[in-house]
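Right, one structure below, let's go through it.
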Amino acid sequence: MTQTQTQVHPLLARLKEVRPIICDGAMGTMLYSMGVPANSCFDECNLSEPDFVRKVHEAYINAGAEIIETNTYGANRFKLASFDLAGKVKQINMRGARLAREVREVSGLPVMVAGAIGPLGKPIKPVGLISAQEAGDIFREQAEALLEGGVDLIMLETFRDLEEMRLALLAVREACDLPIVAQMTFEEDGRTQMGSTAQEVVSTLQELGADVIGANCSTGPQRMARVITEMVGNAGGKTPISAQPNAGWPEMVNNRVVYVSSPNYMANFARRMYDSGARLLGGCCGTTPAHIKALADALNGTTTQEPQTDGAGRPFLVTGPLRALEHDAPMLREAAPLETSEERVSIHSTPDSLGWKLGKEFVVSIELAPPRGVNPTKVLAGAEMLRNKGVDAVNVTDSALGRASMSALAVCYQVLGKTGMTVIPHFTTRDRTLMGIQSELLGAHSMGLRHVLALTGDAPNPVDHLGSSAVFDIDSIGLIKLLSKLNRGEDLAGNSIGGTTDFLIGCAFNPTARDLPLEKERLAQKLEAGAHFVMTQPVYDLELVDRTLEHISEFHANVILGILPLQSYKHAEFLHNEVPGIVIPEFVLAKMYEAGANGKQAGVEMAQEILMYAHDKYAGVYLMPSFGRYEMCASVLDVLPRFQAVGT
């Protein structure tokens with residue numbers, strides 16, 4: 001397969017901008033302030049006190065952090081062994097990654113999750129007894145667990161020994177191809193504890209391929225500023241520099257450890273370090289959300305934020321730092337009234353519409369996942385990127401896997417208004433009564449939404465439902481019948497609705513269903529009820545690409561093939577074993593296993609192979625990202641000629 005341009009990782013793309021990147025502050029300091037004893041295992045709080053950890057992440061995001069670190073700094077086998085937790089390395093690291101991701105998704109902001117990895121806590125040979133091989137294995141074990149948890153990058157921090165940093169960086173690079181931020185800690189004399197200078201650190205880490213090099217911990221902002229100036233000078237503009245100092249020196253006040261550097265003091269030195277060339281700035285021990293907010297305000301040149309409005313004086317419903325949401329796109333469209341049957345001209349008959357393209361052009365849709373909170377910034381940014389890429393439509397999931405999230409219709413309305421893209425909301429019958437379904441569909445049409453993927457929906461998540469129960473007054477077939485009636489100008493009871501709707505109706509088909517005859521029978525009923533097109537579950541086998549068409553050929557339907565690019569062997573294994581409706585063949589699992597740290601590239605290449613094979617057979621493809629990584633789906637499209645010349 002011909003390789004084309006590879007999508008740039010969001011961190012690497014962000015580093016090309018002039019603006020600073022704001023990191024978070026201390027985790028241990030915050031947990032300690034919540035009452036966690038100083039001599040306990042902070043990393044274990046991921047399991048025993050997850051709400052504490054969530055609150056810390058949330059506070060830093062609200063303060064303006066664009067990168068949050070997982071609560072896993074000491075979650076390696078050696079350090080955990082001192083708390084009799086050596087057997088929980090994977091559990092603690094995966095949970096730490098997932099907690100950070102959960103809070104990020106609730107925030108709705110394009111925050112990146114960094115997997116935090118610290119030193120082993122014991123010296124390596126020749127000073128200690130730990131061999132290079134053993135050290136590498138321990139670092140790799142932790143990195144793989146963080147990768148499986150879905151982190152966006154790895155943050156190696158507070159290393160005092162350059163050789164140990166080398167082993168850690170090589171181990172992480174073997175495990176994955178995510179960006180690596182490598183931070184050493186320096187003493188008051190400007191050298192590491194093992195005597196390495198800033199010049200030696202920069203030179204070594206550049207040779208090893210660190211994506212960002214920096215300093216954290218040990219000293220306060222003033223002394224660190226000197227080290228950062230040296231690092232920037234020695235980096236020669238080739239590698240970005242990061243700085244995360246402590247909030248000065250700690251003191252004991254009423255038997256508690258207290259850091260006394262004020263937020264403004266930290267912010268002033270952060271500005272100096274940025275002016276000297278540092279790009280990633282945050283804090284370490286003693287820093288709090290107040291420090292990060294002051295730092296973010298100083299670096300962004302603001303101290304207050306006026307609420308932003310939509311041009312008519314109405315405030316946007318956004319929480320968190322408003323600076324992260326840029327309102328430079330067109331305002332939300334005016335609601336389109338229902339047409340009478342005499343006035344109606346279907347939007348699906350215009351040449352640029354999805355309905356017109358189906359069967360004439362190969363269409364591409366990419367799935368967007370709504371936030372689990374009130375802020376849609378991240379999903380809107382993803383939609384804009386995909387619009388610029390040139391995709392034809394975006395799908396928006398409806399509380400997928402039975403986990404509550406922002407309304408798919410609300411997200412679609414905002415995406416439509418901000419980007420003008422074709423939006424296809426997933427609409428499930430799981431959570432709505434028949435009256436509620438009809439009401440929401442009429443409201444969706446009045447907001448300008450003209451496409452619906454009709455689904456029955458997954459069962460409610462047993463962890464998240466909090467007393468909620470499924471409704472299922474009707475299933476997807478009944479929903480399609482209702483949509484068809486609305487398109488004829490009547491409700492389910494046959495009463496006039498005063499006009500006609502203009503919904504293009506999609507339905508689902510799973511070619512890997514356990515009971516394939518029943519799945520085909522239900523597809524026939526969906527199409528007979530009025531569905532206009534079919535979207536499939538993900539397919540990973542070229543043979544199944546053909547078999548799926550054979551299953552559906554008798555229906556003469558426009559079929560959009562599902563493709564979900566794999567990230568790693570662990571990711572493939574999880575999807576195959578734990579996600580309903582997804583079956584991954586053994587040979588694909590074997591390929592991902594062999595790919596090792598190159599799993600993401602292997603996943604993109606396999607997705608591209610299926611895409612090209614399906615190009616002349618299907619009406620289009622439906623790409624589904626994992627962990628909200630829309631850029632990976634955009635990379636898959638680079639093999640199609642019409643996307644090769646389009647920047648993202």
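Residue numbers start at 1 in each chain; chains themselves are named A, B, ... in the order of the structure tokens; ligands are numbered from 1 in the order shown.
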Got a sec: who's within 8 Å of segment 281-296 of chain A, counting only C-alpha atoms, leaving out chain neighbours fewer than 6 positions off, as an mmCIF file with C-alpha atoms, in the first residue's frame?
data_model
loop_
_atom_site.group_PDB
_atom_site.id
_atom_site.type_symbol
_atom_site.label_atom_id
_atom_site.label_comp_id
_atom_site.auth_asym_id
_atom_site.auth_seq_id
_atom_site.Cartn_x
_atom_site.Cartn_y
_atom_site.Cartn_z
ATOM 1 C CA PRO A 20 2.798 28.405 25.569
ATOM 2 C CA ILE A 21 1.324 25.079 26.683
ATOM 3 C CA ILE A 22 0.066 25.055 30.264
ATOM 4 C CA CYS A 23 0.717 21.935 32.351
ATOM 5 C CA ASP A 24 -0.884 21.095 35.672
ATOM 6 C CA GLY A 25 0.651 21.221 39.149
ATOM 7 C CA ALA A 26 1.209 18.878 42.061
ATOM 8 C CA MET A 27 -0.961 15.813 42.637
ATOM 9 C CA GLY A 28 0.526 14.682 45.959
ATOM 10 C CA THR A 29 0.227 18.160 47.459
ATOM 11 C CA MET A 30 -3.466 18.244 46.646
ATOM 12 C CA ALA A 59 -9.438 21.723 39.444
ATOM 13 C CA TYR A 60 -6.351 21.936 37.226
ATOM 14 C CA ALA A 63 -7.466 26.585 36.231
ATOM 15 C CA GLY A 64 -6.333 26.449 32.600
ATOM 16 C CA ALA A 65 -4.132 23.342 32.328
ATOM 17 C CA ASN A 216 10.999 19.748 37.176
ATOM 18 C CA CYS A 217 10.913 19.548 40.987
ATOM 19 C CA SER A 242 9.588 22.380 29.543
ATOM 20 C CA ALA A 243 9.721 23.809 33.074
ATOM 21 C CA GLN A 244 7.772 22.630 36.132
ATOM 22 C CA PRO A 245 9.372 24.024 39.317
ATOM 23 C CA ASN A 246 8.323 23.483 42.916
ATOM 24 C CA ALA A 247 6.502 26.280 44.728
ATOM 25 C CA GLY A 248 9.724 27.204 46.521
ATOM 26 C CA PRO A 250 8.673 23.458 51.914
ATOM 27 C CA VAL A 258 3.547 23.841 53.449
ATOM 28 C CA TYR A 259 5.008 25.480 50.346
ATOM 29 C CA SER A 262 2.628 32.576 46.146
ATOM 30 C CA PRO A 263 0.769 32.005 42.858
ATOM 31 C CA ASN A 264 1.841 35.433 41.593
ATOM 32 C CA MET A 266 5.253 31.425 40.365
ATOM 33 C CA ALA A 267 3.458 33.192 37.542
ATOM 34 C CA ASN A 268 6.098 35.913 37.241
ATOM 35 C CA ALA A 270 6.837 31.267 34.479
ATOM 36 C CA ARG A 271 6.562 34.325 32.259
ATOM 37 C CA TYR A 274 8.587 31.459 28.621
ATOM 38 C CA THR A 303 -6.246 38.409 34.409
#
Taking 2 positions as the minimum chain separation for residues in the same chain, which residues sit within 6 Å of segment 68-80 of chain A when counting only C-alpha atoms? Answer as a ChimeraX atom specification.
/A:24,43,82-83,85-86,93,96-97,113-118
Next, the residues of the selection above should be written as a PDB file, in the first residue's frame with N, CA, C and O atoms.
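Contents of result-v8.pdb, freshly written:
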ATOM      1  N   ASP A  24      -0.265  21.001  34.355  1.00  0.00           N
ATOM      2  CA  ASP A  24      -0.884  21.095  35.672  1.00  0.00           C
ATOM      3  C   ASP A  24       0.171  21.233  36.767  1.00  0.00           C
ATOM      4  O   ASP A  24       1.352  21.453  36.477  1.00  0.00           O
ATOM      5  N   ASP A  43      -0.371   6.955  44.779  1.00  0.00           N
ATOM      6  CA  ASP A  43      -0.797   6.296  43.539  1.00  0.00           C
ATOM      7  C   ASP A  43      -1.976   5.353  43.774  1.00  0.00           C
ATOM      8  O   ASP A  43      -2.843   5.189  42.912  1.00  0.00           O
ATOM      9  N   SER A  82       6.922  -1.374  48.363  1.00  0.00           N
ATOM     10  CA  SER A  82       7.072  -0.922  49.746  1.00  0.00           C
ATOM     11  C   SER A  82       5.729  -0.753  50.439  1.00  0.00           C
ATOM     12  O   SER A  82       5.664  -0.611  51.665  1.00  0.00           O
ATOM     13  N   PHE A  83       4.640  -0.773  49.653  1.00  0.00           N
ATOM     14  CA  PHE A  83       3.287  -0.712  50.218  1.00  0.00           C
ATOM     15  C   PHE A  83       2.539  -2.028  49.994  1.00  0.00           C
ATOM     16  O   PHE A  83       1.317  -2.087  50.101  1.00  0.00           O
ATOM     17  N   LEU A  85       2.058  -3.501  47.191  1.00  0.00           N
ATOM     18  CA  LEU A  85       1.180  -3.303  46.035  1.00  0.00           C
ATOM     19  C   LEU A  85       1.868  -3.654  44.719  1.00  0.00           C
ATOM     20  O   LEU A  85       1.396  -3.262  43.650  1.00  0.00           O
ATOM     21  N   ALA A  86       2.963  -4.402  44.772  1.00  0.00           N
ATOM     22  CA  ALA A  86       3.721  -4.696  43.552  1.00  0.00           C
ATOM     23  C   ALA A  86       2.879  -5.432  42.517  1.00  0.00           C
ATOM     24  O   ALA A  86       3.125  -5.321  41.308  1.00  0.00           O
ATOM     25  N   ASN A  93      -2.021   1.889  37.277  1.00  0.00           N
ATOM     26  CA  ASN A  93      -1.694   2.767  36.144  1.00  0.00           C
ATOM     27  C   ASN A  93      -2.851   2.916  35.178  1.00  0.00           C
ATOM     28  O   ASN A  93      -3.144   4.027  34.710  1.00  0.00           O
ATOM     29  N   GLY A  96      -5.394   5.096  36.780  1.00  0.00           N
ATOM     30  CA  GLY A  96      -4.951   6.489  36.786  1.00  0.00           C
ATOM     31  C   GLY A  96      -5.183   7.159  35.447  1.00  0.00           C
ATOM     32  O   GLY A  96      -5.634   8.310  35.379  1.00  0.00           O
ATOM     33  N   ALA A  97      -4.878   6.437  34.350  1.00  0.00           N
ATOM     34  CA  ALA A  97      -5.093   6.988  33.008  1.00  0.00           C
ATOM     35  C   ALA A  97      -6.572   7.205  32.743  1.00  0.00           C
ATOM     36  O   ALA A  97      -6.982   8.232  32.183  1.00  0.00           O
ATOM     37  N   VAL A 113      -3.774  14.064  28.096  1.00  0.00           N
ATOM     38  CA  VAL A 113      -3.477  13.292  29.300  1.00  0.00           C
ATOM     39  C   VAL A 113      -2.074  12.716  29.179  1.00  0.00           C
ATOM     40  O   VAL A 113      -1.781  11.950  28.251  1.00  0.00           O
ATOM     41  N   ALA A 114      -1.215  13.097  30.118  1.00  0.00           N
ATOM     42  CA  ALA A 114       0.166  12.613  30.131  1.00  0.00           C
ATOM     43  C   ALA A 114       0.313  11.498  31.155  1.00  0.00           C
ATOM     44  O   ALA A 114      -0.074  11.666  32.311  1.00  0.00           O
ATOM     45  N   GLY A 115       0.856  10.388  30.723  1.00  0.00           N
ATOM     46  CA  GLY A 115       1.129   9.295  31.635  1.00  0.00           C
ATOM     47  C   GLY A 115       2.387   9.584  32.423  1.00  0.00           C
ATOM     48  O   GLY A 115       3.494   9.632  31.867  1.00  0.00           O
ATOM     49  N   ALA A 116       2.267   9.802  33.747  1.00  0.00           N
ATOM     50  CA  ALA A 116       3.406  10.188  34.583  1.00  0.00           C
ATOM     51  C   ALA A 116       4.212   8.964  35.005  1.00  0.00           C
ATOM     52  O   ALA A 116       3.666   8.009  35.552  1.00  0.00           O
ATOM     53  N   ILE A 117       5.511   8.999  34.742  1.00  0.00           N
ATOM     54  CA  ILE A 117       6.434   7.939  35.150  1.00  0.00           C
ATOM     55  C   ILE A 117       7.631   8.582  35.837  1.00  0.00           C
ATOM     56  O   ILE A 117       8.310   9.429  35.251  1.00  0.00           O
ATOM     57  N   GLY A 118       7.882   8.168  37.076  1.00  0.00           N
ATOM     58  CA  GLY A 118       9.024   8.679  37.819  1.00  0.00           C
ATOM     59  C   GLY A 118      10.123   7.641  37.904  1.00  0.00           C
ATOM     60  O   GLY A 118       9.999   6.522  37.387  1.00  0.00           O
TER      61      GLY A 118
END
Computed gap from atom CA of Met165 of chain A to atom CA of Ala132 of chain A is 11.2 Å
Counting only C-alpha atoms, the option among A:Asn510, A:His451, A:Pro126, A:Ser626 closest to Gly149 of chain A
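Looking only at the distances to Gly149 of chain A, the closest residue turns out to be A:Ser626.
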For Met421 of chain A, find every residue with an atom within 7 Å (counting only C-alpha atoms), except residues of its own chain fewer than 2 positions away, and show them as a list in words.
Arg387, Ala393, Leu416, Thr419 and Val423 of chain A
Could you save those same residues with N, CA, C and O atoms as an mmCIF file, in the first residue's frame?
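Just written: result.cif:
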data_model
loop_
_atom_site.group_PDB
_atom_site.id
_atom_site.type_symbol
_atom_site.label_atom_id
_atom_site.label_comp_id
_atom_site.auth_asym_id
_atom_site.auth_seq_id
_atom_site.Cartn_x
_atom_site.Cartn_y
_atom_site.Cartn_z
ATOM 1 N N ARG A 387 -13.767 18.981 9.115
ATOM 2 C CA ARG A 387 -14.303 19.786 8.011
ATOM 3 C C ARG A 387 -13.171 20.276 7.113
ATOM 4 O O ARG A 387 -13.244 20.203 5.881
ATOM 5 N N ALA A 393 -19.296 14.076 6.268
ATOM 6 C CA ALA A 393 -20.252 14.129 7.372
ATOM 7 C C ALA A 393 -19.579 13.674 8.654
ATOM 8 O O ALA A 393 -18.505 13.061 8.638
ATOM 9 N N LEU A 416 -23.307 21.739 13.503
ATOM 10 C CA LEU A 416 -23.922 22.284 12.293
ATOM 11 C C LEU A 416 -23.751 23.790 12.230
ATOM 12 O O LEU A 416 -23.361 24.358 11.197
ATOM 13 N N THR A 419 -19.750 24.647 11.932
ATOM 14 C CA THR A 419 -18.986 24.189 10.772
ATOM 15 C C THR A 419 -19.798 24.092 9.488
ATOM 16 O O THR A 419 -19.216 24.061 8.405
ATOM 17 N N VAL A 423 -24.420 16.538 9.643
ATOM 18 C CA VAL A 423 -24.317 15.854 10.929
ATOM 19 C C VAL A 423 -25.354 14.736 10.995
ATOM 20 O O VAL A 423 -26.496 14.912 10.578
#
Test item: residues at most 10 Å from Lys520 of chain A, only C-alpha atoms, excluding those fewer than 5 positions along its chain, as a list in words:
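In the requested format, the answer is Phe509, Asn510, Pro511, Ala513, Asp515, Gln525, Lys526, His551, Ile552 and Phe555 of chain A.
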Could you please take those selected residues and save C-alpha atoms as a compact mmCIF listing (two decimals), in the first residue's frame?
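Printed below is result05.txt as written:
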# COMPACT_ATOMS: atom_id res chain seq x y z
CA PHE A 509 -26.15 -3.80 10.37
CA ASN A 510 -23.64 -6.05 12.15
CA PRO A 511 -22.01 -8.51 9.72
CA ALA A 513 -23.60 -10.89 14.59
CA ASP A 515 -27.33 -14.79 14.87
CA GLN A 525 -37.58 -4.89 8.18
CA LYS A 526 -35.60 -1.67 8.69
CA HIS A 551 -25.53 -10.49 2.75
CA ILE A 552 -27.03 -7.14 1.77
CA PHE A 555 -31.76 -5.28 -0.61
Please provide the set of residues having any atom within 7 Å of segment 566-574 of chain A, restricted to only C-alpha atoms, with same-chain residues fewer than 3 positions apart removed, written as a list of chain:residue names.
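Surrounding residues, per the criterion: A:Glu148, A:Asn577, A:Glu578, A:Leu589, A:Met592, A:Tyr593, A:Gly599, A:Lys600, A:Gly603.
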With N, CA and C atoms retained, could you export that selection as a PDB file, in the first residue's frame?
ATOM      1  N   GLU A 148      -2.384   1.317  27.649  1.00  0.00           N
ATOM      2  CA  GLU A 148      -3.661   0.607  27.604  1.00  0.00           C
ATOM      3  C   GLU A 148      -4.778   1.453  28.213  1.00  0.00           C
ATOM      4  N   ASN A 577     -12.724  -8.537  22.976  1.00  0.00           N
ATOM      5  CA  ASN A 577     -13.235  -9.277  24.130  1.00  0.00           C
ATOM      6  C   ASN A 577     -14.260  -8.531  24.972  1.00  0.00           C
ATOM      7  N   GLU A 578     -14.272  -7.198  24.897  1.00  0.00           N
ATOM      8  CA  GLU A 578     -15.093  -6.457  25.843  1.00  0.00           C
ATOM      9  C   GLU A 578     -16.088  -5.482  25.226  1.00  0.00           C
ATOM     10  N   LEU A 589      -5.265  -9.781  15.146  1.00  0.00           N
ATOM     11  CA  LEU A 589      -4.686  -9.719  16.489  1.00  0.00           C
ATOM     12  C   LEU A 589      -3.194 -10.056  16.442  1.00  0.00           C
ATOM     13  N   MET A 592      -1.194  -7.124  15.053  1.00  0.00           N
ATOM     14  CA  MET A 592      -1.044  -6.053  16.041  1.00  0.00           C
ATOM     15  C   MET A 592      -0.034  -6.445  17.113  1.00  0.00           C
ATOM     16  N   TYR A 593      -0.017  -7.708  17.482  1.00  0.00           N
ATOM     17  CA  TYR A 593       0.959  -8.177  18.470  1.00  0.00           C
ATOM     18  C   TYR A 593       2.383  -8.031  17.924  1.00  0.00           C
ATOM     19  N   GLY A 599       2.190  -0.187  16.812  1.00  0.00           N
ATOM     20  CA  GLY A 599       0.812  -0.614  16.665  1.00  0.00           C
ATOM     21  C   GLY A 599      -0.083   0.410  16.000  1.00  0.00           C
ATOM     22  N   LYS A 600       0.095   1.677  16.338  1.00  0.00           N
ATOM     23  CA  LYS A 600      -0.772   2.698  15.757  1.00  0.00           C
ATOM     24  C   LYS A 600      -0.593   2.787  14.249  1.00  0.00           C
ATOM     25  N   GLY A 603      -2.179  -0.167  12.686  1.00  0.00           N
ATOM     26  CA  GLY A 603      -3.628  -0.010  12.673  1.00  0.00           C
ATOM     27  C   GLY A 603      -4.096   0.898  11.556  1.00  0.00           C
TER      28      GLY A 603
END
Check the DSSP output for the backbone and give back, as a VMD selection string, the residues of segment 67-246 of chain A in alpha helix (DSSP H).
chain A and resid 77 to 81 89 to 107 132 to 149 162 to 175 198 to 208 221 to 235
Segment 365-367 of chain A: which residues within 7 Å, counting only C-alpha atoms, same-chain residues fewer than 5 positions away excluded, as a ChimeraX atom specification?
/A:391-396,621-625
Residues just named, written with C-alpha atoms as a PDB file, in the first residue's frame:
ATOM      1  CA  VAL A 391     -14.914  14.720   5.166  1.00  0.00           C
ATOM      2  CA  ASP A 392     -18.530  14.604   4.016  1.00  0.00           C
ATOM      3  CA  ALA A 393     -20.252  14.129   7.372  1.00  0.00           C
ATOM      4  CA  VAL A 394     -19.805  13.437  11.061  1.00  0.00           C
ATOM      5  CA  ASN A 395     -21.743  10.972  13.189  1.00  0.00           C
ATOM      6  CA  VAL A 396     -22.458  11.835  16.817  1.00  0.00           C
ATOM      7  CA  VAL A 621     -16.977   4.454   4.882  1.00  0.00           C
ATOM      8  CA  TYR A 622     -17.724   5.342   8.480  1.00  0.00           C
ATOM      9  CA  LEU A 623     -14.542   5.810  10.544  1.00  0.00           C
ATOM     10  CA  MET A 624     -14.657   5.482  14.333  1.00  0.00           C
ATOM     11  CA  PRO A 625     -11.829   6.908  16.479  1.00  0.00           C
TER      12      PRO A 625
END
Can you work out the spacing between atom CA of Pro351 of chain A and atom CA of Leu504 of chain A in Å, to one decimal?
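Straight-line distance from atom CA of Pro351 of chain A to atom CA of Leu504 of chain A works out to 14.8 Å.
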Nearest residue to Ala444 of chain A out of A:Ile477, A:Leu409, A:Val604, A:Val181, using only C-alpha atoms?
A:Leu409
